[in-house]
Amino acid sequence: MNRIDRLTAILIQLQTKRIVKAEEISDRFEISLRTVYRDVKALMEAGVPIGSEAGKGYFIVDGFHLPPVMFTQDEASAMLMAAKLVERMTDKSVQKTFEAALMKIKAVLHDTEKEHLENLQSYIKVFNSPPGKPEEYPNDFITGIQHAAVSKEVLHLKYYSNNQGELTTREVEPIGLFYYSFAWHLIAWCRLRNGYRDFRTDRIKEMKNTGAKFDARNLLTLQEYLASIREANHEMQQVVVLFDKPLDRYLANARYYYGYVSEEDLGTKIRMTFMTGNLCYFCRSLLLMQGKAVEVESPEEARKTIRDLIEELYDHYLKPAQVI
């Protein structure tokens, strides 16, 4: 990136939030702090009203805005990719807002970029639902949850608390949203249970912002909450397995359901690492069906578990079939 393009990009970055640290600019453009200081000085000499707060960072003086910026074809394509993810991985409230933002982006594109996006539509598809799960969210609560978390406002929920469909009424203090297992989860302090709870947003039947403020000083941040969950699950076991190539279609897709962490290509085999909290279930549901195409490297407990399962099946099928 040449310096003119970098200066423009820095100016755009300075308008993205109230204060931007010099380290953030340095990390983004992979330049030294000294270069950041020179670039900011160049912008100021060009008439851009940039202020600074000692120990905090730079800011643009209120009232200054960069004229409309044209998007490159790659930037517009990235926005379309994001739109596809928003369409499948968020609810209607976010989808509607993002669609409006994307329309504004398209409005400032050149005709060639607009045509490129139209053609690109058919080449991108996101599938985000496990078997048997509907492919769209049945409600539109995510945007409201975002507002409540930032504004520190209590939410009143009617929530299906378990798979049996028990409907409960809760007042909660939201600390954030977390996406995992094909769903968005509201993490909040539940006043009914007097503790932190994880609410799947697609199980919320009704939601109302009460407008009542809560004191967040005694609450964990979302990052602290997630760290505490990881610490609580420190007893999870690591399993290292060798699979013969090529991987069958089931394994290629299903590994993500079983705590897949990483893999290493060894030529004729692939070494995969998993983390599991239930070793017996992992061996029974993932490894047994692979037969001789799989070899457990560690732990030895996993190898013993597989031997026990095989002996159990062997003993079972030695018996004559029962006629009912």
# chains A, B, ... in the order shown; residues from 1 in each chain; ligands from 1
>>> select_by_dssp(residues="range 16-154 of chain A", states="alpha helix (DSSP H)", output="number ranges by chain")
A: 22-29, 33-45, 73-89, 92-107, 111-120, 142-151
>>> closest_atom_pairs(of="range 190-245 of chain A", to="range 256-265 of chain A", cutoff="12 Å", atoms="only C-alpha atoms", output="Markdown table")
| residue | atom | partner | partner_atom | distance |
| --- | --- | --- | --- | --- |
| A:Met236 | CA | A:Gly259 | CA | 10.0 |
| A:Gln237 | CA | A:Gly259 | CA | 10.1 |
| A:Gln238 | CA | A:Gly259 | CA | 9.3 |
| A:Val239 | CA | A:Tyr260 | CA | 9.5 |
| A:Val240 | CA | A:Glu263 | CA | 9.3 |
| A:Val241 | CA | A:Glu263 | CA | 9.4 |
| A:Leu242 | CA | A:Glu264 | CA | 9.4 |
| A:Phe243 | CA | A:Asp265 | CA | 10.0 |
| A:Asp244 | CA | A:Asp265 | CA | 10.5 |
| A:Lys245 | CA | A:Asp265 | CA | 9.5 |
>>> write_last_selection(atoms="C-alpha atoms", output="PDB file, in the first residue's frame")
ATOM      1  CA  MET A 236     -11.755 -32.242  28.950  1.00  0.00           C
ATOM      2  CA  GLN A 237      -9.452 -34.814  27.367  1.00  0.00           C
ATOM      3  CA  GLN A 238      -7.321 -34.449  24.283  1.00  0.00           C
ATOM      4  CA  VAL A 239      -7.550 -37.279  21.765  1.00  0.00           C
ATOM      5  CA  VAL A 240      -5.049 -37.597  18.898  1.00  0.00           C
ATOM      6  CA  VAL A 241      -6.116 -39.847  16.027  1.00  0.00           C
ATOM      7  CA  LEU A 242      -4.651 -40.956  12.674  1.00  0.00           C
ATOM      8  CA  PHE A 243      -7.110 -41.306   9.781  1.00  0.00           C
ATOM      9  CA  ASP A 244      -6.369 -42.951   6.451  1.00  0.00           C
ATOM     10  CA  LYS A 245      -6.710 -40.784   3.357  1.00  0.00           C
TER      11      LYS A 245
END
>>> residues_around(residues="His116 in chain A", least_positions_apart="3", cutoff="12 Å", atoms="only C-alpha atoms", output="PyMOL selection string")
chain A and resi 72-77+80+106+109-113+119-123
>>> closest_residue(among="A:Phe71, A:Phe64, A:Phe178, A:Trp184", to="Gln223 in chain A", atoms="only C-alpha atoms")
A:Phe178
>>> atom_distance(atom1="CA of Pro49 in chain A", atom2="CA of Gly63 in chain A")
9.5 Å
>>> residues_around(residues="Glu53 in chain A", least_positions_apart="3", cutoff="10 Å", atoms="only C-alpha atoms", output="list in words")
Ile19, Lys21, Lys56, Gly57, Tyr58 and Phe59 of chain A
>>> select_by_dssp(residues="range 36-266 of chain A", states="strand (DSSP E or B)", output="NGL selection string")
:A and (50-53 or 57-60 or 153-160 or 167-180 or 183-190 or 195-200 or 204-213 or 237-244 or 260-265)
>>> residues_around(residues="Leu102 in chain A", least_positions_apart="2", cutoff="12 Å", atoms="only C-alpha atoms", output="list in words")
Phe71, Glu75, Ala76, Ser77, Ala78, Met79, Leu80, Met81, Ala82, Ala83, Lys84, Val86, Gln95, Lys96, Thr97, Phe98, Glu99, Ala100, Lys104, Ile105, Lys106, Ala107, Val108, Leu109, Lys114 and Leu117 of chain A
>>> atom_distance(atom1="CA of Gly144 in chain A", atom2="CA of Val94 in chain A")
9.5 Å
>>> closest_residue(among="A:Arg271, A:Glu173, A:His185, A:Met289", to="Leu220 in chain A", atoms="only C-alpha atoms")
A:Glu173
>>> atom_distance(atom1="CA of Gln290 in chain A", atom2="CA of Thr276 in chain A")
17.9 Å
>>> closest_residue(among="A:Arg200, A:Arg28, A:Lys213, A:Lys205", to="Lys152 in chain A", atoms="only C-alpha atoms")
A:Lys213
>>> residues_around(residues="Ser161 in chain A", least_positions_apart="2", cutoff="12 Å", atoms="only C-alpha atoms", output="ChimeraX atom specification")
/A:157-159,163-170,193,197-205
